[in-house]
Structure formats: C-alpha cells, structure tokens
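Asker: Sharing entry_6.tsv below, TSV, N, CA and C atoms:
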chain	number	residue	atom	x	y	z
N	1	MET	N	60.75	126.72	120.60
N	1	MET	CA	59.57	125.88	120.62
N	1	MET	C	60.00	124.41	120.71
N	2	LYS	N	59.29	123.65	121.46
N	2	LYS	CA	59.61	122.24	121.70
N	2	LYS	C	59.28	121.39	120.47
N	3	GLU	N	60.17	120.49	120.13
N	3	GLU	CA	59.98	119.57	119.01
N	3	GLU	C	59.00	118.47	119.43
N	4	ARG	N	57.86	118.41	118.75
N	4	ARG	CA	56.86	117.41	119.12
N	4	ARG	C	56.96	116.14	118.29
N	5	ARG	N	57.69	116.19	117.21
N	5	ARG	CA	57.87	114.99	116.39
N	5	ARG	C	58.95	114.13	117.03
N	6	SER	N	58.54	112.98	117.49
N	6	SER	CA	59.50	112.11	118.19
N	6	SER	C	60.18	111.13	117.25
N	7	GLY	N	59.67	110.95	116.08
N	7	GLY	CA	60.24	110.01	115.12
N	7	GLY	C	59.44	110.09	113.84
N	8	PRO	N	59.69	109.17	112.94
N	8	PRO	CA	58.94	109.20	111.67
N	8	PRO	C	57.45	108.92	111.92
N	9	ASP	N	56.61	109.83	111.45
N	9	ASP	CA	55.18	109.64	111.61
N	9	ASP	C	54.64	108.82	110.43
N	10	ILE	N	53.34	108.62	110.40
N	10	ILE	CA	52.73	107.77	109.38
N	10	ILE	C	52.91	108.38	107.99
N	11	PHE	N	52.86	109.72	107.88
N	11	PHE	CA	53.04	110.36	106.58
N	11	PHE	C	54.44	110.09	106.03
N	12	LEU	N	55.44	110.21	106.87
N	12	LEU	CA	56.82	109.97	106.43
N	12	LEU	C	57.01	108.52	106.01
N	13	LYS	N	56.41	107.59	106.74
N	13	LYS	CA	56.51	106.18	106.36
N	13	LYS	C	55.82	105.92	105.03
N	14	ILE	N	54.67	106.54	104.81
N	14	ILE	CA	53.96	106.38	103.53
N	14	ILE	C	54.78	106.98	102.40
N	15	ILE	N	55.37	108.15	102.62
N	15	ILE	CA	56.17	108.82	101.59
N	15	ILE	C	57.38	107.97	101.23
N	16	LYS	N	58.07	107.43	102.22
N	16	LYS	CA	59.24	106.60	101.95
N	16	LYS	C	58.86	105.32	101.23
N	17	THR	N	57.74	104.72	101.61
N	17	THR	CA	57.27	103.50	100.94
N	17	THR	C	56.89	103.79	99.50
N	18	LEU	N	56.16	104.87	99.26
N	18	LEU	CA	55.77	105.23	97.90
N	18	LEU	C	56.99	105.58	97.05
N	19	SER	N	57.98	106.22	97.65
N	19	SER	CA	59.21	106.53	96.91
N	19	SER	C	59.92	105.25	96.47
N	20	PHE	N	59.99	104.27	97.38
N	20	PHE	CA	60.63	103.00	97.05
N	20	PHE	C	59.85	102.26	95.96
N	21	VAL	N	58.53	102.24	96.08
N	21	VAL	CA	57.69	101.54	95.10
N	21	VAL	C	57.80	102.23	93.74
N	22	CYS	N	57.76	103.55	93.71
N	22	CYS	CA	57.88	104.28	92.44
N	22	CYS	C	59.26	104.07	91.81
N	23	GLY	N	60.30	104.07	92.62
N	23	GLY	CA	61.64	103.80	92.08
N	23	GLY	C	61.74	102.40	91.51
N	24	SER	N	61.16	101.42	92.18
N	24	SER	CA	61.18	100.05	91.68
N	24	SER	C	60.37	99.92	90.39
N	25	LEU	N	59.22	100.59	90.35
N	25	LEU	CA	58.40	100.54	89.14
N	25	LEU	C	59.05	101.28	87.98
N	26	LEU	N	59.84	102.31	88.27
N	26	LEU	CA	60.59	102.99	87.21
N	26	LEU	C	61.58	102.03	86.55
N	27	ILE	N	62.24	101.23	87.36
N	27	ILE	CA	63.17	100.25	86.81
N	27	ILE	C	62.42	99.23	85.97
N	28	LEU	N	61.26	98.78	86.46
N	28	LEU	CA	60.44	97.83	85.70
N	28	LEU	C	59.98	98.45	84.38
N	29	ALA	N	59.58	99.71	84.40
N	29	ALA	CA	59.14	100.38	83.18
N	29	ALA	C	60.26	100.48	82.15
N	30	LEU	N	61.46	100.78	82.62
N	30	LEU	CA	62.60	100.85	81.70
N	30	LEU	C	62.94	99.47	81.13
N	31	LEU	N	62.84	98.43	81.95
N	31	LEU	CA	63.09	97.07	81.45
N	31	LEU	C	62.03	96.65	80.43
N	32	LEU	N	60.77	96.98	80.68
N	32	LEU	CA	59.71	96.66	79.72
N	32	LEU	C	59.93	97.39	78.41
N	33	LEU	N	60.33	98.64	78.48
N	33	LEU	CA	60.59	99.41	77.27
N	33	LEU	C	61.76	98.84	76.50
N	34	ASP	N	62.79	98.39	77.21
N	34	ASP	CA	63.95	97.80	76.55
N	34	ASP	C	63.59	96.50	75.84
N	35	LYS	N	62.75	95.69	76.48
N	35	LYS	CA	62.34	94.42	75.87
N	35	LYS	C	61.37	94.62	74.71
N	36	ALA	N	60.63	95.73	74.72
N	36	ALA	CA	59.63	95.99	73.68
N	36	ALA	C	60.25	96.47	72.38
N	37	LYS	N	61.40	97.12	72.45
N	37	LYS	CA	61.98	97.68	71.23
N	37	LYS	C	62.56	96.57	70.35
N	38	PRO	N	62.62	96.83	69.05
N	38	PRO	CA	63.18	95.82	68.15
N	38	PRO	C	64.68	95.64	68.39
N	39	GLY	N	65.16	94.44	68.10
N	39	GLY	CA	66.57	94.14	68.31
N	39	GLY	C	67.47	94.84	67.31
N	40	ILE	N	68.69	95.07	67.72
N	40	ILE	CA	69.69	95.69	66.85
N	40	ILE	C	70.57	94.58	66.30
N	41	GLU	N	70.69	94.54	65.00
N	41	GLU	CA	71.45	93.47	64.36
N	41	GLU	C	72.96	93.70	64.57
N	42	THR	N	73.63	92.67	65.02
N	42	THR	CA	75.07	92.72	65.23
N	42	THR	C	75.77	91.83	64.20
N	43	PHE	N	77.07	91.84	64.25
N	43	PHE	CA	77.86	91.01	63.35
N	43	PHE	C	77.53	89.54	63.54
N	44	PHE	N	77.42	89.10	64.80
N	44	PHE	CA	77.15	87.69	65.06
N	44	PHE	C	75.74	87.29	64.64
N	45	ASP	N	74.80	88.21	64.71
N	45	ASP	CA	73.44	87.92	64.23
N	45	ASP	C	73.45	87.67	62.73
N	46	ARG	N	74.21	88.47	61.99
N	46	ARG	CA	74.31	88.26	60.54
N	46	ARG	C	75.08	86.98	60.24
N	47	LEU	N	76.15	86.74	61.00
N	47	LEU	CA	76.97	85.56	60.77
N	47	LEU	C	76.20	84.28	61.02
N	48	LEU	N	75.42	84.23	62.09
N	48	LEU	CA	74.67	83.03	62.46
N	48	LEU	C	73.24	83.04	61.91
N	49	ASP	N	72.90	84.05	61.11
N	49	ASP	CA	71.59	84.18	60.49
N	49	ASP	C	70.46	84.14	61.51
N	50	VAL	N	70.60	84.95	62.55
N	50	VAL	CA	69.59	85.05	63.59
N	50	VAL	C	68.52	86.05	63.15
N	51	GLN	N	67.26	85.63	63.23
N	51	GLN	CA	66.15	86.50	62.85
N	51	GLN	C	65.76	87.38	64.05
N	52	LEU	N	65.76	88.67	63.82
N	52	LEU	CA	65.40	89.63	64.87
N	52	LEU	C	64.04	90.24	64.55
N	53	ARG	N	63.36	90.65	65.61
N	53	ARG	CA	62.08	91.32	65.45
N	53	ARG	C	62.33	92.70	64.85
N	54	LYS	N	61.53	93.08	63.86
N	54	LYS	CA	61.73	94.37	63.17
N	54	LYS	C	60.82	95.47	63.70
N	55	SER	N	59.84	95.12	64.53
N	55	SER	CA	58.92	96.14	65.02
N	55	SER	C	58.82	96.05	66.54
N	56	TRP	N	58.15	97.05	67.11
N	56	TRP	CA	57.97	97.10	68.56
N	56	TRP	C	56.97	96.03	68.98
N	57	ASP	N	57.15	95.49	70.17
N	57	ASP	CA	56.20	94.53	70.75
N	57	ASP	C	55.09	95.33	71.44
N	58	HIS	N	53.91	95.32	70.84
N	58	HIS	CA	52.82	96.16	71.32
N	58	HIS	C	52.27	95.70	72.67
N	59	ASP	N	52.33	94.41	72.96
N	59	ASP	CA	51.88	93.93	74.27
N	59	ASP	C	52.76	94.47	75.39
N	60	LEU	N	54.07	94.45	75.17
N	60	LEU	CA	54.98	95.00	76.17
N	60	LEU	C	54.85	96.52	76.28
N	61	LEU	N	54.56	97.19	75.16
N	61	LEU	CA	54.34	98.64	75.22
N	61	LEU	C	53.08	98.97	76.01
N	62	LEU	N	52.05	98.13	75.87
N	62	LEU	CA	50.83	98.34	76.65
N	62	LEU	C	51.10	98.12	78.14
N	63	ALA	N	51.87	97.09	78.46
N	63	ALA	CA	52.24	96.85	79.86
N	63	ALA	C	53.06	98.02	80.39
N	64	HIS	N	53.97	98.55	79.58
N	64	HIS	CA	54.77	99.72	79.96
N	64	HIS	C	53.86	100.91	80.24
N	65	PHE	N	52.85	101.11	79.40
N	65	PHE	CA	51.90	102.22	79.59
N	65	PHE	C	51.18	102.09	80.93
N	66	TYR	N	50.73	100.87	81.26
N	66	TYR	CA	50.03	100.67	82.53
N	66	TYR	C	50.95	100.89	83.73
N	67	VAL	N	52.18	100.42	83.63
N	67	VAL	CA	53.13	100.62	84.73
N	67	VAL	C	53.41	102.11	84.92
N	68	VAL	N	53.57	102.82	83.83
N	68	VAL	CA	53.83	104.27	83.92
N	68	VAL	C	52.62	105.00	84.49
N	69	ALA	N	51.41	104.56	84.14
N	69	ALA	CA	50.21	105.18	84.71
N	69	ALA	C	50.14	104.94	86.22
N	70	ILE	N	50.50	103.74	86.66
N	70	ILE	CA	50.53	103.43	88.09
N	70	ILE	C	51.58	104.29	88.79
N	71	ILE	N	52.74	104.46	88.16
N	71	ILE	CA	53.79	105.32	88.73
N	71	ILE	C	53.27	106.74	88.89
N	72	CYS	N	52.56	107.23	87.89
N	72	CYS	CA	52.02	108.59	87.93
N	72	CYS	C	51.04	108.74	89.09
N	73	ILE	N	50.16	107.78	89.26
N	73	ILE	CA	49.16	107.85	90.34
N	73	ILE	C	49.85	107.77	91.71
N	74	LEU	N	50.78	106.83	91.85
N	74	LEU	CA	51.46	106.67	93.15
N	74	LEU	C	52.31	107.88	93.50
N	75	SER	N	53.01	108.44	92.51
N	75	SER	CA	53.86	109.59	92.82
N	75	SER	C	53.02	110.83	93.11
N	76	LEU	N	51.89	111.00	92.45
N	76	LEU	CA	50.99	112.10	92.79
N	76	LEU	C	50.45	111.94	94.21
N	77	THR	N	50.09	110.71	94.57
N	77	THR	CA	49.63	110.44	95.93
N	77	THR	C	50.72	110.75	96.94
N	78	GLY	N	51.94	110.30	96.65
N	78	GLY	CA	53.06	110.57	97.54
N	78	GLY	C	53.35	112.05	97.70
N	79	LEU	N	53.25	112.79	96.60
N	79	LEU	CA	53.48	114.24	96.68
N	79	LEU	C	52.37	114.94	97.47
N	80	LEU	N	51.15	114.42	97.39
N	80	LEU	CA	50.08	114.98	98.21
N	80	LEU	C	50.33	114.73	99.70
N	81	PHE	N	50.78	113.52	100.04
N	81	PHE	CA	51.14	113.23	101.42
N	81	PHE	C	52.32	114.11	101.86
N	82	ASN	N	53.27	114.29	100.94
N	82	ASN	CA	54.42	115.14	101.23
N	82	ASN	C	53.99	116.59	101.48
N	83	ARG	N	53.02	117.02	100.71
N	83	ARG	CA	52.50	118.39	100.87
N	83	ARG	C	51.79	118.55	102.22
N	84	MET	N	51.06	117.52	102.64
N	84	MET	CA	50.38	117.59	103.93
N	84	MET	C	51.36	117.63	105.09
N	85	ARG	N	52.51	117.01	104.92
N	85	ARG	CA	53.49	116.94	106.00
N	85	ARG	C	54.41	118.16	106.01
N	86	ALA	N	54.62	118.80	104.88
N	86	ALA	CA	55.61	119.88	104.75
N	86	ALA	C	55.10	121.16	105.38
N	87	ARG	N	55.27	121.28	106.68
N	87	ARG	CA	54.81	122.46	107.40
N	87	ARG	C	55.98	123.28	107.95
N	88	ARG	N	57.12	122.66	108.06
N	88	ARG	CA	58.28	123.35	108.64
N	88	ARG	C	59.32	123.62	107.56
N	89	LYS	N	60.24	124.51	107.87
N	89	LYS	CA	61.30	124.84	106.92
N	89	LYS	C	62.23	123.67	106.67
N	90	THR	N	62.34	122.77	107.65
N	90	THR	CA	63.26	121.64	107.51
N	90	THR	C	62.64	120.47	106.73
N	91	ASP	N	61.33	120.51	106.50
N	91	ASP	CA	60.68	119.44	105.74
N	91	ASP	C	61.01	119.60	104.26
N	92	ARG	N	61.33	118.49	103.61
N	92	ARG	CA	61.72	118.50	102.20
N	92	ARG	C	60.80	117.60	101.39
N	93	TYR	N	60.70	117.89	100.10
N	93	TYR	CA	59.94	117.04	99.19
N	93	TYR	C	60.83	115.90	98.72
N	94	SER	N	60.23	114.76	98.46
N	94	SER	CA	60.97	113.58	98.02
N	94	SER	C	61.42	113.76	96.57
N	95	LYS	N	62.72	113.68	96.36
N	95	LYS	CA	63.27	113.83	95.01
N	95	LYS	C	62.86	112.67	94.11
N	96	THR	N	62.75	111.48	94.69
N	96	THR	CA	62.34	110.32	93.91
N	96	THR	C	60.93	110.49	93.38
N	97	LEU	N	60.04	111.01	94.20
N	97	LEU	CA	58.66	111.22	93.75
N	97	LEU	C	58.58	112.30	92.68
N	98	ILE	N	59.38	113.34	92.81
N	98	ILE	CA	59.40	114.40	91.80
N	98	ILE	C	59.93	113.86	90.48
N	99	PHE	N	61.03	113.10	90.54
N	99	PHE	CA	61.58	112.49	89.32
N	99	PHE	C	60.57	111.52	88.72
N	100	SER	N	59.89	110.75	89.55
N	100	SER	CA	58.92	109.77	89.08
N	100	SER	C	57.75	110.44	88.36
N	101	ILE	N	57.27	111.54	88.90
N	101	ILE	CA	56.14	112.21	88.26
N	101	ILE	C	56.56	112.84	86.94
N	102	ILE	N	57.77	113.38	86.86
N	102	ILE	CA	58.25	113.96	85.60
N	102	ILE	C	58.42	112.87	84.55
N	103	PHE	N	59.05	111.75	84.93
N	103	PHE	CA	59.25	110.64	83.99
N	103	PHE	C	57.91	110.07	83.54
N	104	SER	N	57.00	109.84	84.46
N	104	SER	CA	55.74	109.20	84.10
N	104	SER	C	54.88	110.11	83.23
N	105	MET	N	54.86	111.40	83.53
N	105	MET	CA	54.09	112.33	82.69
N	105	MET	C	54.67	112.40	81.27
N	106	ALA	N	55.98	112.43	81.17
N	106	ALA	CA	56.61	112.47	79.84
N	106	ALA	C	56.33	111.17	79.07
N	107	ALA	N	56.44	110.03	79.75
N	107	ALA	CA	56.18	108.75	79.09
N	107	ALA	C	54.72	108.62	78.68
N	108	LEU	N	53.81	109.06	79.52
N	108	LEU	CA	52.39	109.02	79.17
N	108	LEU	C	52.09	109.94	78.00
N	109	LEU	N	52.68	111.12	78.00
N	109	LEU	CA	52.47	112.05	76.90
N	109	LEU	C	53.00	111.48	75.59
N	110	LEU	N	54.19	110.89	75.61
N	110	LEU	CA	54.74	110.27	74.41
N	110	LEU	C	53.89	109.09	73.95
N	111	SER	N	53.37	108.31	74.89
N	111	SER	CA	52.53	107.17	74.53
N	111	SER	C	51.22	107.64	73.91
N	112	LEU	N	50.64	108.68	74.48
N	112	LEU	CA	49.37	109.16	73.96
N	112	LEU	C	49.53	109.85	72.61
N	113	LEU	N	50.68	110.45	72.38
N	113	LEU	CA	50.93	111.07	71.07
N	113	LEU	C	51.40	110.06	70.03
N	114	ARG	N	51.59	108.82	70.49
N	114	ARG	CA	52.02	107.70	69.62
N	114	ARG	C	53.36	107.95	68.96
N	115	LEU	N	54.24	108.60	69.70
N	115	LEU	CA	55.59	108.80	69.20
N	115	LEU	C	56.43	107.58	69.57
N	116	PRO	N	57.35	107.18	68.71
N	116	PRO	CA	58.22	106.07	69.08
N	116	PRO	C	59.15	106.48	70.20
N	117	PHE	N	59.44	105.56	71.09
N	117	PHE	CA	60.33	105.86	72.21
N	117	PHE	C	61.71	105.85	71.67
Output the file's structure as structure tokens, nothing else.
Answerer:
Amino acid sequence: MKERRSGPDIFLKIIKTLSFVCGSLLILALLLLDKAKPGIETFFDRLLDVQLRKSWDHDLLLAHFYVVAIICILSLTGLLFNRMRARRKTDRYSKTLIFSIIFSMAALLLSLLRLPF
C-alpha cells in the first residue's frame, strides 16, 4: 500500500508541541515545589544565625497545584490527539505525555489528600 503521509501532519505537530510544553511545565512544577518546601538548616546557617522558614509556603504550593492541573489537562489533550493519529502499527504514543499524566495525577491526588510532598 502506498504511503500517503508525506511528512508531519497537524496532529503530530500538536503532539510534539504539547509534549514540549508539558515537559517544560514539569520542570517549573518541580522548581515551585522545591522553593515551597522549608529550608534545611546547615552548619553555616547555624554559624551565621540565619533564620529559615519552618513551614511550607502555601502560595507557592497553590501555584504548583495550578501548574500541575494545567499539565494534566494538556497531557490528556495530547494523548487524545495521539489516539486520533495512532492508526498504524508504526505510530507510537508520546512517552513525555504519558509520564506527564502520571506525574500530574499523582501530584493532584497528593495535593487533594493534603499529604506533605
């Protein structure tokens, strides 16, 4: 049978773009989570009497929650586009989108259960 796909179609471009955006937002979510957690006291902090935050920053945790919710929505959208395109044996699902949906669902579940990260 003749190959009718001459190059990347609109679905593939959307999937690749959503994969890149989800991967970038995953990095942002991890950075927000790192900044939200309380600091760990080191030798130099005790020596120089540096005051560290003892609790989580709730504003940054809320921002993390919103970023993770956006990741969940975008990765679900990307997987739906991937599903519409996956008609041949050679078509594959995006690993980045699958990882993004697993991470975002776990983070949302932990946030909703109010468990500490």
Asker: List as a list of chain:residue names: which residues have an atom within 7 Å of (57.3, 103.6, 88.9), counting only C-alpha atoms?
Answerer: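 Those residues lying close to the given coordinates are N:Val21, N:Cys22, N:Gly23, N:Ser24, N:Leu25, N:Leu26, N:Ala29, N:Val67, N:Val68, N:Ile70, N:Ile71, N:Ser100.
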Asker: Would you compute the distance between atom CA of N:Leu32 and atom N of N:Ala63? Give it in Å to one decimal.
Answerer: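 Going from atom CA of N:Leu32 over to atom N of N:Ala63, I get 8.0 Å.
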Asker: Could you please determine the separation between atom CA of N:His58 and atom CA of N:Leu112 in Å, to one decimal place?
Answerer: 13.7 Å
Asker: Using all atoms listed in the file, find the one residue out of N:Leu80, N:Leu47, N:Leu113, N:Ile73 that sits nearest to N:Ile101.
Answerer: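 Under the stated criterion, the closest residue is N:Ile73.
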Asker: I'd like the interatomic distance between atom C of N:Leu110 and atom N of N:Lys54, to a tenth of an Å.
Answerer: 20.4 Å
Asker: So, counting only C-alpha atoms, which residue among N:Arg92, N:His64, N:Lys13, N:Arg53 is closest to N:Ile27?
Answerer: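 When distances to N:Ile27 are compared using only C-alpha atoms, the smallest one comes from N:His64.
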Asker: Can you find the residues with an atom no farther than 8 Å from (56.5, 114.1, 91.7), counting only N, CA and C atoms, and report them as a ChimeraX atom specification?
Answerer: /N:74-80,94-103
Asker: Select from chain N everything DSSP, run on the backbone, classes as helix (DSSP H, G or I), then give the selection as a short mmCIF file (atom, residue, chain, number, x, y, z; two decimals) with N, CA and C atoms, in the coordinates of the input.
Answerer:
data_model
loop_
_atom_site.label_atom_id
_atom_site.label_comp_id
_atom_site.auth_asym_id
_atom_site.auth_seq_id
_atom_site.Cartn_x
_atom_site.Cartn_y
_atom_site.Cartn_z
N ILE N 10 53.34 108.62 110.40
CA ILE N 10 52.73 107.77 109.38
C ILE N 10 52.91 108.38 107.99
N PHE N 11 52.86 109.72 107.88
CA PHE N 11 53.04 110.36 106.58
C PHE N 11 54.44 110.09 106.03
N LEU N 12 55.44 110.21 106.87
CA LEU N 12 56.82 109.97 106.43
C LEU N 12 57.01 108.52 106.01
N LYS N 13 56.41 107.59 106.74
CA LYS N 13 56.51 106.18 106.36
C LYS N 13 55.82 105.92 105.03
N ILE N 14 54.67 106.54 104.81
CA ILE N 14 53.96 106.38 103.53
C ILE N 14 54.78 106.98 102.40
N ILE N 15 55.37 108.15 102.62
CA ILE N 15 56.17 108.82 101.59
C ILE N 15 57.38 107.97 101.23
N LYS N 16 58.07 107.43 102.22
CA LYS N 16 59.24 106.60 101.95
C LYS N 16 58.86 105.32 101.23
N THR N 17 57.74 104.72 101.61
CA THR N 17 57.27 103.50 100.94
C THR N 17 56.89 103.79 99.50
N LEU N 18 56.16 104.87 99.26
CA LEU N 18 55.77 105.23 97.90
C LEU N 18 56.99 105.58 97.05
N SER N 19 57.98 106.22 97.65
CA SER N 19 59.21 106.53 96.91
C SER N 19 59.92 105.25 96.47
N PHE N 20 59.99 104.27 97.38
CA PHE N 20 60.63 103.00 97.05
C PHE N 20 59.85 102.26 95.96
N VAL N 21 58.53 102.24 96.08
CA VAL N 21 57.69 101.54 95.10
C VAL N 21 57.80 102.23 93.74
N CYS N 22 57.76 103.55 93.71
CA CYS N 22 57.88 104.28 92.44
C CYS N 22 59.26 104.07 91.81
N GLY N 23 60.30 104.07 92.62
CA GLY N 23 61.64 103.80 92.08
C GLY N 23 61.74 102.40 91.51
N SER N 24 61.16 101.42 92.18
CA SER N 24 61.18 100.05 91.68
C SER N 24 60.37 99.92 90.39
N LEU N 25 59.22 100.59 90.35
CA LEU N 25 58.40 100.54 89.14
C LEU N 25 59.05 101.28 87.98
N LEU N 26 59.84 102.31 88.27
CA LEU N 26 60.59 102.99 87.21
C LEU N 26 61.58 102.03 86.55
N ILE N 27 62.24 101.23 87.36
CA ILE N 27 63.17 100.25 86.81
C ILE N 27 62.42 99.23 85.97
N LEU N 28 61.26 98.78 86.46
CA LEU N 28 60.44 97.83 85.70
C LEU N 28 59.98 98.45 84.38
N ALA N 29 59.58 99.71 84.40
CA ALA N 29 59.14 100.38 83.18
C ALA N 29 60.26 100.48 82.15
N LEU N 30 61.46 100.78 82.62
CA LEU N 30 62.60 100.85 81.70
C LEU N 30 62.94 99.47 81.13
N LEU N 31 62.84 98.43 81.95
CA LEU N 31 63.09 97.07 81.45
C LEU N 31 62.03 96.65 80.43
N LEU N 32 60.77 96.98 80.68
CA LEU N 32 59.71 96.66 79.72
C LEU N 32 59.93 97.39 78.41
N LEU N 33 60.33 98.64 78.48
CA LEU N 33 60.59 99.41 77.27
C LEU N 33 61.76 98.84 76.50
N ASP N 34 62.79 98.39 77.21
CA ASP N 34 63.95 97.80 76.55
C ASP N 34 63.59 96.50 75.84
N LYS N 35 62.75 95.69 76.48
CA LYS N 35 62.34 94.42 75.87
C LYS N 35 61.37 94.62 74.71
N ALA N 36 60.63 95.73 74.72
CA ALA N 36 59.63 95.99 73.68
C ALA N 36 60.25 96.47 72.38
N PHE N 43 77.07 91.84 64.25
CA PHE N 43 77.86 91.01 63.35
C PHE N 43 77.53 89.54 63.54
N PHE N 44 77.42 89.10 64.80
CA PHE N 44 77.15 87.69 65.06
C PHE N 44 75.74 87.29 64.64
N ASP N 45 74.80 88.21 64.71
CA ASP N 45 73.44 87.92 64.23
C ASP N 45 73.45 87.67 62.73
N ARG N 46 74.21 88.47 61.99
CA ARG N 46 74.31 88.26 60.54
C ARG N 46 75.08 86.98 60.24
N LEU N 47 76.15 86.74 61.00
CA LEU N 47 76.97 85.56 60.77
C LEU N 47 76.20 84.28 61.02
N HIS N 58 53.91 95.32 70.84
CA HIS N 58 52.82 96.16 71.32
C HIS N 58 52.27 95.70 72.67
N ASP N 59 52.33 94.41 72.96
CA ASP N 59 51.88 93.93 74.27
C ASP N 59 52.76 94.47 75.39
N LEU N 60 54.07 94.45 75.17
CA LEU N 60 54.98 95.00 76.17
C LEU N 60 54.85 96.52 76.28
N LEU N 61 54.56 97.19 75.16
CA LEU N 61 54.34 98.64 75.22
C LEU N 61 53.08 98.97 76.01
N LEU N 62 52.05 98.13 75.87
CA LEU N 62 50.83 98.34 76.65
C LEU N 62 51.10 98.12 78.14
N ALA N 63 51.87 97.09 78.46
CA ALA N 63 52.24 96.85 79.86
C ALA N 63 53.06 98.02 80.39
N HIS N 64 53.97 98.55 79.58
CA HIS N 64 54.77 99.72 79.96
C HIS N 64 53.86 100.91 80.24
N PHE N 65 52.85 101.11 79.40
CA PHE N 65 51.90 102.22 79.59
C PHE N 65 51.18 102.09 80.93
N TYR N 66 50.73 100.87 81.26
CA TYR N 66 50.03 100.67 82.53
C TYR N 66 50.95 100.89 83.73
N VAL N 67 52.18 100.42 83.63
CA VAL N 67 53.13 100.62 84.73
C VAL N 67 53.41 102.11 84.92
N VAL N 68 53.57 102.82 83.83
CA VAL N 68 53.83 104.27 83.92
C VAL N 68 52.62 105.00 84.49
N ALA N 69 51.41 104.56 84.14
CA ALA N 69 50.21 105.18 84.71
C ALA N 69 50.14 104.94 86.22
N ILE N 70 50.50 103.74 86.66
CA ILE N 70 50.53 103.43 88.09
C ILE N 70 51.58 104.29 88.79
N ILE N 71 52.74 104.46 88.16
CA ILE N 71 53.79 105.32 88.73
C ILE N 71 53.27 106.74 88.89
N CYS N 72 52.56 107.23 87.89
CA CYS N 72 52.02 108.59 87.93
C CYS N 72 51.04 108.74 89.09
N ILE N 73 50.16 107.78 89.26
CA ILE N 73 49.16 107.85 90.34
C ILE N 73 49.85 107.77 91.71
N LEU N 74 50.78 106.83 91.85
CA LEU N 74 51.46 106.67 93.15
C LEU N 74 52.31 107.88 93.50
N SER N 75 53.01 108.44 92.51
CA SER N 75 53.86 109.59 92.82
C SER N 75 53.02 110.83 93.11
N LEU N 76 51.89 111.00 92.45
CA LEU N 76 50.99 112.10 92.79
C LEU N 76 50.45 111.94 94.21
N THR N 77 50.09 110.71 94.57
CA THR N 77 49.63 110.44 95.93
C THR N 77 50.72 110.75 96.94
N GLY N 78 51.94 110.30 96.65
CA GLY N 78 53.06 110.57 97.54
C GLY N 78 53.35 112.05 97.70
N LEU N 79 53.25 112.79 96.60
CA LEU N 79 53.48 114.24 96.68
C LEU N 79 52.37 114.94 97.47
N LEU N 80 51.15 114.42 97.39
CA LEU N 80 50.08 114.98 98.21
C LEU N 80 50.33 114.73 99.70
N PHE N 81 50.78 113.52 100.04
CA PHE N 81 51.14 113.23 101.42
C PHE N 81 52.32 114.11 101.86
N ASN N 82 53.27 114.29 100.94
CA ASN N 82 54.42 115.14 101.23
C ASN N 82 53.99 116.59 101.48
N ARG N 83 53.02 117.02 100.71
CA ARG N 83 52.50 118.39 100.87
C ARG N 83 51.79 118.55 102.22
N MET N 84 51.06 117.52 102.64
CA MET N 84 50.38 117.59 103.93
C MET N 84 51.36 117.63 105.09
N ARG N 85 52.51 117.01 104.92
CA ARG N 85 53.49 116.94 106.00
C ARG N 85 54.41 118.16 106.01
N LYS N 95 62.72 113.68 96.36
CA LYS N 95 63.27 113.83 95.01
C LYS N 95 62.86 112.67 94.11
N THR N 96 62.75 111.48 94.69
CA THR N 96 62.34 110.32 93.91
C THR N 96 60.93 110.49 93.38
N LEU N 97 60.04 111.01 94.20
CA LEU N 97 58.66 111.22 93.75
C LEU N 97 58.58 112.30 92.68
N ILE N 98 59.38 113.34 92.81
CA ILE N 98 59.40 114.40 91.80
C ILE N 98 59.93 113.86 90.48
N PHE N 99 61.03 113.10 90.54
CA PHE N 99 61.58 112.49 89.32
C PHE N 99 60.57 111.52 88.72
N SER N 100 59.89 110.75 89.55
CA SER N 100 58.92 109.77 89.08
C SER N 100 57.75 110.44 88.36
N ILE N 101 57.27 111.54 88.90
CA ILE N 101 56.14 112.21 88.26
C ILE N 101 56.56 112.84 86.94
N ILE N 102 57.77 113.38 86.86
CA ILE N 102 58.25 113.96 85.60
C ILE N 102 58.42 112.87 84.55
N PHE N 103 59.05 111.75 84.93
CA PHE N 103 59.25 110.64 83.99
C PHE N 103 57.91 110.07 83.54
N SER N 104 57.00 109.84 84.46
CA SER N 104 55.74 109.20 84.10
C SER N 104 54.88 110.11 83.23
N MET N 105 54.86 111.40 83.53
CA MET N 105 54.09 112.33 82.69
C MET N 105 54.67 112.40 81.27
N ALA N 106 55.98 112.43 81.17
CA ALA N 106 56.61 112.47 79.84
C ALA N 106 56.33 111.17 79.07
N ALA N 107 56.44 110.03 79.75
CA ALA N 107 56.18 108.75 79.09
C ALA N 107 54.72 108.62 78.68
N LEU N 108 53.81 109.06 79.52
CA LEU N 108 52.39 109.02 79.17
C LEU N 108 52.09 109.94 78.00
N LEU N 109 52.68 111.12 78.00
CA LEU N 109 52.47 112.05 76.90
C LEU N 109 53.00 111.48 75.59
N LEU N 110 54.19 110.89 75.61
CA LEU N 110 54.74 110.27 74.41
C LEU N 110 53.89 109.09 73.95
N SER N 111 53.37 108.31 74.89
CA SER N 111 52.53 107.17 74.53
C SER N 111 51.22 107.64 73.91
N LEU N 112 50.64 108.68 74.48
CA LEU N 112 49.37 109.16 73.96
C LEU N 112 49.53 109.85 72.61
#
Asker: Near N:Leu61, counting only N, CA and C atoms, which residues have an atom at most 7 Å away, once you skip same-chain residues fewer than 4 positions from it, shown as a PyMOL selection string?
Answerer: chain N and resi 32-33+36+56-57+65-66
Asker: Which is closest to N:Ser55 among N:Ile14, N:Leu109, N:Gly39, N:Arg83, if we use all atoms listed in the file?
Answerer: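 Result for the nearest residue to N:Ser55: N:Gly39.
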